[in-house]
file query.txt (compact mmCIF, C-alpha atoms)
# COMPACT_ATOMS: atom_id res chain seq x y z
CA MET A 1 -33.83 -16.38 10.69
CA PHE A 2 -30.34 -17.06 9.36
CA GLU A 3 -31.65 -17.24 5.80
CA SER A 4 -33.43 -13.90 6.22
CA LEU A 5 -30.27 -12.31 7.61
CA LEU A 6 -28.24 -13.74 4.72
CA LEU A 7 -30.77 -12.42 2.19
CA VAL A 8 -30.74 -8.90 3.65
CA SER A 9 -26.94 -8.88 3.93
CA THR A 10 -26.58 -9.93 0.30
CA LYS A 11 -29.11 -7.36 -0.87
CA TYR A 12 -27.34 -4.54 0.96
CA SER A 13 -23.84 -5.76 0.15
CA LEU A 14 -22.18 -2.35 0.50
CA ILE A 15 -23.34 -2.01 4.11
CA THR A 16 -22.21 -5.58 4.74
CA GLY A 17 -18.83 -4.68 3.23
CA PHE A 18 -18.46 -1.74 5.63
CA ALA A 19 -19.34 -4.04 8.55
CA VAL A 20 -16.82 -6.70 7.50
CA ILE A 21 -14.04 -4.13 6.95
CA GLY A 22 -14.83 -2.49 10.29
CA PHE A 23 -14.72 -5.81 12.11
CA THR A 24 -11.46 -6.74 10.36
CA MET A 25 -9.89 -3.43 11.41
CA TRP A 26 -11.07 -3.91 15.00
CA VAL A 27 -9.54 -7.40 15.12
CA SER A 28 -6.32 -6.12 13.52
CA TYR A 29 -5.84 -3.31 16.02
CA TRP A 30 -6.71 -5.66 18.88
CA LEU A 31 -4.05 -8.13 17.68
CA SER A 32 -1.59 -5.26 17.26
CA ALA A 33 -2.13 -4.12 20.85
CA LYS A 34 -2.26 -7.55 22.49
CA LEU A 35 0.34 -9.51 20.54
CA THR A 36 2.87 -6.91 19.41
CA GLN A 37 2.34 -4.07 21.91
CA GLY A 38 1.80 -1.76 18.94
CA ARG A 39 5.14 -2.53 17.29
CA ILE A 40 3.35 -3.80 14.18
CA HIS A 41 0.65 -1.31 13.30
CA GLY A 42 -2.93 -2.50 13.03
CA SER A 43 -3.15 -1.51 9.37
CA ALA A 44 -0.28 -3.88 8.51
CA ILE A 45 -2.12 -6.76 10.17
CA ALA A 46 -5.31 -5.72 8.38
CA ILE A 47 -3.50 -5.91 5.02
CA LEU A 48 -2.26 -9.42 5.83
CA LEU A 49 -5.76 -10.51 6.88
CA GLY A 50 -7.21 -8.99 3.72
CA LEU A 51 -4.76 -10.83 1.47
CA THR A 52 -5.45 -14.08 3.33
CA MET A 53 -9.20 -13.63 2.98
CA ALA A 54 -8.80 -12.79 -0.71
CA TYR A 55 -6.73 -15.94 -1.29
CA PHE A 56 -9.16 -18.30 0.41
CA GLY A 57 -12.17 -16.50 -1.10
CA GLY A 58 -10.84 -17.09 -4.60
CA LEU A 59 -9.70 -20.63 -3.73
CA PHE A 60 -13.05 -21.82 -2.45
CA THR A 61 -15.19 -20.08 -5.08
CA GLY A 62 -12.91 -20.75 -8.04
CA GLY A 63 -13.03 -17.06 -8.92
CA SER A 64 -10.40 -14.46 -9.64
CA LYS A 65 -11.62 -11.57 -7.47
CA GLY A 66 -11.07 -12.95 -3.98
CA VAL A 67 -13.86 -12.37 -1.47
CA VAL A 68 -15.81 -10.37 -4.06
CA ASN A 69 -16.74 -13.71 -5.65
CA VAL A 70 -18.71 -14.48 -2.47
CA PRO A 71 -22.16 -12.88 -3.03
CA LEU A 72 -22.41 -11.85 0.63
CA LEU A 73 -19.13 -9.88 0.35
CA SER A 74 -19.57 -8.42 -3.14
CA GLY A 75 -19.84 -4.90 -1.64
CA ILE A 76 -16.14 -5.05 -0.74
CA GLY A 77 -15.44 -4.75 -4.46
CA LEU A 78 -16.84 -1.21 -4.39
CA LEU A 79 -15.04 -0.34 -1.16
CA GLY A 80 -11.75 -1.47 -2.68
CA GLY A 81 -12.40 0.18 -6.04
CA SER A 82 -10.77 3.23 -7.55
CA MET A 83 -13.58 5.64 -6.59
CA LEU A 84 -13.22 5.35 -2.81
CA ARG A 85 -9.45 4.97 -3.10
CA ASP A 86 -9.16 8.29 -4.90
CA PHE A 87 -11.60 9.86 -2.45
CA ALA A 88 -9.37 8.76 0.45
CA ILE A 89 -6.30 10.24 -1.23
CA VAL A 90 -8.05 13.56 -1.84
CA ALA A 91 -9.42 13.62 1.71
CA THR A 92 -5.92 13.09 3.07
CA GLY A 93 -4.69 16.08 1.09
CA PHE A 94 -7.13 18.40 2.87
CA GLY A 95 -5.09 18.01 6.06
CA VAL A 96 -2.07 19.67 4.46
CA LYS A 97 -1.11 23.31 4.93
CA ILE A 98 -0.05 24.68 1.54
CA ASP A 99 2.68 26.85 3.07
CA GLU A 100 4.36 23.79 4.54
CA LEU A 101 4.05 21.94 1.24
CA LYS A 102 5.69 24.81 -0.64
CA ARG A 103 8.45 24.98 1.93
CA ALA A 104 9.56 21.45 1.01
CA GLY A 105 10.16 22.66 -2.56
CA MET A 106 12.69 20.79 -4.63
CA ALA A 107 13.62 18.60 -1.69
CA GLY A 108 10.22 16.92 -1.90
CA VAL A 109 10.46 16.46 -5.66
CA THR A 110 13.99 15.06 -5.36
CA ALA A 111 12.84 12.68 -2.63
CA LEU A 112 10.12 11.35 -4.95
CA ILE A 113 12.55 10.60 -7.76
CA VAL A 114 15.25 9.12 -5.51
CA GLY A 115 12.68 7.03 -3.63
CA ILE A 116 11.12 5.53 -6.76
CA PHE A 117 14.36 4.65 -8.53
CA SER A 118 16.17 3.33 -5.45
CA SER A 119 13.24 1.08 -4.49
CA PHE A 120 12.92 -0.18 -8.06
CA ILE A 121 16.64 -0.99 -8.31
CA VAL A 122 16.58 -2.96 -5.04
CA GLY A 123 13.48 -4.88 -6.14
CA ALA A 124 14.96 -5.63 -9.57
CA ILE A 125 18.19 -6.92 -8.01
CA VAL A 126 16.24 -9.21 -5.68
CA ALA A 127 14.22 -10.50 -8.67
CA VAL A 128 17.43 -11.38 -10.54
CA MET A 129 18.87 -13.06 -7.44
CA PHE A 130 15.79 -15.31 -7.30
CA GLY A 131 16.22 -16.37 -10.91
CA TYR A 132 13.98 -14.03 -12.86
CA THR A 133 15.79 -13.00 -16.03
CA ASP A 134 13.10 -11.60 -18.33
CA ALA A 135 12.34 -7.89 -18.50
CA VAL A 136 8.64 -8.28 -17.70
CA SER A 137 9.19 -10.18 -14.44
CA ILE A 138 12.10 -8.03 -13.29
CA THR A 139 10.18 -4.82 -13.99
CA THR A 140 7.03 -6.07 -12.24
CA ILE A 141 8.80 -7.23 -9.09
CA GLY A 142 10.91 -4.07 -9.05
CA ALA A 143 7.73 -2.02 -9.37
CA GLY A 144 6.25 -3.99 -6.48
CA ALA A 145 9.16 -2.83 -4.35
CA ILE A 146 8.04 0.72 -5.14
CA THR A 147 4.61 -0.08 -3.69
CA TYR A 148 2.25 -3.04 -3.80
CA ILE A 149 -0.08 -0.93 -5.97
CA VAL A 150 2.53 -0.04 -8.58
CA GLY A 151 3.55 -3.71 -8.96
CA PRO A 152 0.27 -5.16 -10.25
CA VAL A 153 -0.53 -2.01 -12.24
CA THR A 154 2.81 -2.34 -14.03
CA GLY A 155 2.48 -6.10 -14.41
CA ALA A 156 -0.99 -5.85 -15.96
CA ALA A 157 0.24 -3.23 -18.43
CA ILE A 158 3.26 -5.22 -19.66
CA GLY A 159 1.74 -8.71 -19.54
CA ALA A 160 3.23 -10.25 -16.39
CA SER A 161 1.92 -13.57 -15.08
CA SER A 162 -0.34 -13.72 -12.03
CA GLU A 163 2.46 -15.44 -10.09
CA VAL A 164 4.87 -12.57 -10.73
CA MET A 165 2.22 -9.97 -9.87
CA ALA A 166 1.55 -11.80 -6.59
CA LEU A 167 5.27 -11.63 -5.82
CA SER A 168 5.26 -7.91 -6.57
CA ILE A 169 2.42 -7.39 -4.10
CA ALA A 170 4.32 -9.41 -1.49
CA ALA A 171 7.43 -7.29 -2.03
CA GLY A 172 5.43 -4.09 -1.54
CA LEU A 173 3.73 -5.50 1.55
CA VAL A 174 7.06 -6.40 3.17
CA LYS A 175 8.30 -2.87 2.50
CA SER A 176 5.11 -1.39 3.94
CA ILE A 177 5.43 -3.40 7.16
CA LEU A 178 9.11 -2.51 7.53
CA VAL A 179 8.31 1.19 7.18
CA MET A 180 5.48 0.91 9.71
CA VAL A 181 7.63 -0.83 12.28
CA ALA A 182 10.88 1.10 11.78
CA THR A 183 9.59 4.68 11.50
CA PRO A 184 9.03 5.39 15.23
CA PHE A 185 12.52 4.05 16.01
CA VAL A 186 14.43 5.99 13.34
CA ALA A 187 12.39 9.21 13.62
CA PRO A 188 14.60 10.75 16.35
CA LEU A 189 17.74 9.85 14.39
CA ILE A 190 16.60 11.57 11.17
CA ARG A 191 14.78 14.43 12.92
CA LEU A 192 11.42 13.34 11.59
CA ASN A 193 9.54 15.83 13.75
CA ASN A 194 8.25 18.54 11.40
CA PRO A 195 6.12 18.83 8.23
CA ARG A 196 9.10 19.39 5.89
CA THR A 197 10.90 16.21 6.92
CA ALA A 198 7.60 14.30 6.83
CA ILE A 199 7.07 15.42 3.21
CA ILE A 200 10.58 14.25 2.29
CA PHE A 201 10.12 11.01 4.21
CA GLY A 202 6.85 10.28 2.37
CA GLY A 203 8.58 10.90 -0.94
CA LEU A 204 11.47 8.59 -0.12
CA MET A 205 9.43 5.71 1.33
CA GLY A 206 6.35 6.08 -0.85
CA THR A 207 4.20 3.31 0.59
CA SER A 208 1.07 5.18 1.68
CA SER A 209 -0.06 2.69 4.32
CA GLY A 210 3.45 2.28 5.72
CA VAL A 211 4.09 6.02 5.85
CA ALA A 212 0.67 6.75 7.36
CA ALA A 213 0.99 4.10 10.05
CA GLY A 214 4.61 4.92 10.83
CA LEU A 215 3.96 8.64 11.14
CA ALA A 216 0.81 8.01 13.17
CA ALA A 217 2.93 6.10 15.67
CA THR A 218 5.50 8.93 15.64
CA ASP A 219 3.33 12.07 15.54
CA ALA A 220 -0.21 12.02 14.16
CA LYS A 221 0.10 15.66 13.01
CA LEU A 222 2.72 14.62 10.46
CA VAL A 223 0.52 12.02 8.72
CA PRO A 224 -1.07 14.32 6.08
CA TYR A 225 2.30 15.69 5.01
CA GLY A 226 3.89 12.29 4.54
CA CYS A 227 0.81 10.90 2.81
CA ILE A 228 0.56 13.69 0.27
CA THR A 229 3.97 12.92 -1.24
CA ALA A 230 3.37 9.18 -0.82
CA ALA A 231 0.27 9.61 -2.98
CA PHE A 232 2.32 11.38 -5.65
CA TYR A 233 4.90 8.61 -5.31
CA THR A 234 2.32 5.94 -6.11
CA ALA A 235 0.91 7.88 -9.06
CA LEU A 236 4.35 8.60 -10.50
CA GLY A 237 5.41 4.99 -10.00
CA CYS A 238 2.36 3.77 -11.93
CA LEU A 239 3.35 6.07 -14.81
CA LEU A 240 7.06 5.20 -14.84
CA GLY A 241 6.75 1.43 -14.19
CA PRO A 242 5.30 0.22 -17.50
CA SER A 243 7.07 2.89 -19.55
CA ILE A 244 10.51 4.29 -18.66
CA LEU A 245 11.49 1.61 -16.14
CA PHE A 246 10.39 -1.25 -18.41
CA ILE A 247 12.23 0.23 -21.38
CA ALA A 248 15.35 0.73 -19.25
CA VAL A 249 15.32 -2.91 -18.06
CA ARG A 250 14.90 -4.21 -21.62
CA ALA A 251 17.80 -2.03 -22.76
CA ILE A 252 20.08 -3.26 -19.96
CA LEU A 253 19.38 -6.99 -20.31
CA PRO A 254 21.68 -8.80 -22.72
CA GLY A 255 20.13 -9.81 -26.03
call {"tool": "encode", "arguments": {"input": "query.txt", "output": "structure tokens"}}
result
Amino acid sequence: MFESLLLVSTKYSLITGFAVIGFTMWVSYWLSAKLTQGRIHGSAIAILLGLTMAYFGGLFTGGSKGVVNVPLLSGIGLLGGSMLRDFAIVATGFGVKIDELKRAGMAGVTALIVGIFSSFIVGAIVAVMFGYTDAVSITTIGAGAITYIVGPVTGAAIGASSEVMALSIAAGLVKSILVMVATPFVAPLIRLNNPRTAIIFGGLMGTSSGVAAGLAATDAKLVPYGCITAAFYTALGCLLGPSILFIAVRAILPG
């Protein structure tokens, strides 16, 4: 019976992938509620579980694609691919009222630019403090501080090592968790209670998962507004990371 179940699960790997992701999310939100009383959002725990599963999946199979190297879980590769990612971003945008988006105006654009460059500078400084002195490593880790998506995209484009790209993902993950946890506490202090401030907040923070989870814990109606600028933040970071930011770091470094 087990062999038959394994055969069917492998044959319909996409459905199996949905089941595994659904179970992982259920466990994550259960852990969030029981162990942290909701202080750490379930999506943050899910990211940590996903990275752990990816590590051990690649370790035990000797592959380079994490759990996707396990035939039973190959459908997760499609779930985590660019097609469904872009679909999720577009679907999020449908929750936005255009009038509110226009009302943010230049403030939203300014928030994007300030958020990207400030995050990159902090990440680059931390990289130097930990002994990384070459432009490729500094740029990759700095880009990871923008988001954990921008880091590996930038690193792959400029030839960073897998170790450095892993560090960039870790930097982005730490930022994401901090935003998730801190948002509900700082929201009253920064008047994060309307679409305009949510748009600006998403542009400044940028991490889509962190912004989404933090705003969901603050006011679920604000999530689409924060996520729409966070999506632009990620896209703009992926463009600037391997180009302008990399060139700037090479120009600044001595020699």
call {"tool": "closest_residue", "arguments": {"input": "query.txt", "among": "A:Ile169, A:Val186, A:Ile76, A:Ala212", "to": "Thr140 of chain A", "atoms": "all atoms listed in the file"}}
result
A:Ile169
call {"tool": "atom_distance", "arguments": {"input": "query.txt", "atom1": "atom CA of Ile146 of chain A", "atom2": "atom CA of Pro224 of chain A"}}
result
19.8 Å
call {"tool": "residues_around", "arguments": {"input": "query.txt", "residues": "Ala230 of chain A", "least_positions_apart": "2", "cutoff": "10 Å", "atoms": "all atoms listed in the file", "output": "mmCIF file with C-alpha atoms, in the frame of the given file"}}
result
data_model
loop_
_atom_site.group_PDB
_atom_site.id
_atom_site.type_symbol
_atom_site.label_atom_id
_atom_site.label_comp_id
_atom_site.auth_asym_id
_atom_site.auth_seq_id
_atom_site.Cartn_x
_atom_site.Cartn_y
_atom_site.Cartn_z
ATOM 1 C CA ILE A 89 -6.300 10.240 -1.230
ATOM 2 C CA LEU A 112 10.120 11.350 -4.950
ATOM 3 C CA GLY A 115 12.680 7.030 -3.630
ATOM 4 C CA THR A 147 4.610 -0.080 -3.690
ATOM 5 C CA ILE A 199 7.070 15.420 3.210
ATOM 6 C CA ILE A 200 10.580 14.250 2.290
ATOM 7 C CA PHE A 201 10.120 11.010 4.210
ATOM 8 C CA GLY A 202 6.850 10.280 2.370
ATOM 9 C CA GLY A 203 8.580 10.900 -0.940
ATOM 10 C CA LEU A 204 11.470 8.590 -0.120
ATOM 11 C CA MET A 205 9.430 5.710 1.330
ATOM 12 C CA GLY A 206 6.350 6.080 -0.850
ATOM 13 C CA THR A 207 4.200 3.310 0.590
ATOM 14 C CA SER A 208 1.070 5.180 1.680
ATOM 15 C CA SER A 209 -0.060 2.690 4.320
ATOM 16 C CA GLY A 210 3.450 2.280 5.720
ATOM 17 C CA VAL A 211 4.090 6.020 5.850
ATOM 18 C CA ALA A 212 0.670 6.750 7.360
ATOM 19 C CA PRO A 224 -1.070 14.320 6.080
ATOM 20 C CA TYR A 225 2.300 15.690 5.010
ATOM 21 C CA GLY A 226 3.890 12.290 4.540
ATOM 22 C CA CYS A 227 0.810 10.900 2.810
ATOM 23 C CA ILE A 228 0.560 13.690 0.270
ATOM 24 C CA PHE A 232 2.320 11.380 -5.650
ATOM 25 C CA TYR A 233 4.900 8.610 -5.310
ATOM 26 C CA THR A 234 2.320 5.940 -6.110
ATOM 27 C CA ALA A 235 0.910 7.880 -9.060
ATOM 28 C CA LEU A 236 4.350 8.600 -10.500
#
call {"tool": "closest_residue", "arguments": {"input": "query.txt", "among": "A:Ala160, A:Leu240, A:Gly214, A:Ser13", "to": "Ile177 of chain A", "atoms": "only C-alpha atoms"}}
result
A:Gly214
call {"tool": "residues_around", "arguments": {"input": "query.txt", "residues": "Ser28 of chain A", "least_positions_apart": "4", "cutoff": "6 Å", "atoms": "all atoms listed in the file", "output": "MDAnalysis selection string"}}
result
chainID A and resid 42 45:46
call {"tool": "closest_residue", "arguments": {"input": "query.txt", "among": "A:Val70, A:Met25, A:Val114, A:Leu192", "to": "Leu222 of chain A", "atoms": "all atoms listed in the file"}}
result
A:Leu192
call {"tool": "closest_residue", "arguments": {"input": "query.txt", "among": "A:Thr24, A:Ile141, A:Val153, A:Ala19", "to": "Val122 of chain A", "atoms": "only C-alpha atoms"}}
result
A:Ile141
call {"tool": "residues_near_point", "arguments": {"input": "query.txt", "point": "(2.7, 5.4, 16.9)", "cutoff": "7 Å", "atoms": "only C-alpha atoms", "output": "ChimeraX atom specification"}}
result
/A:184,214-219
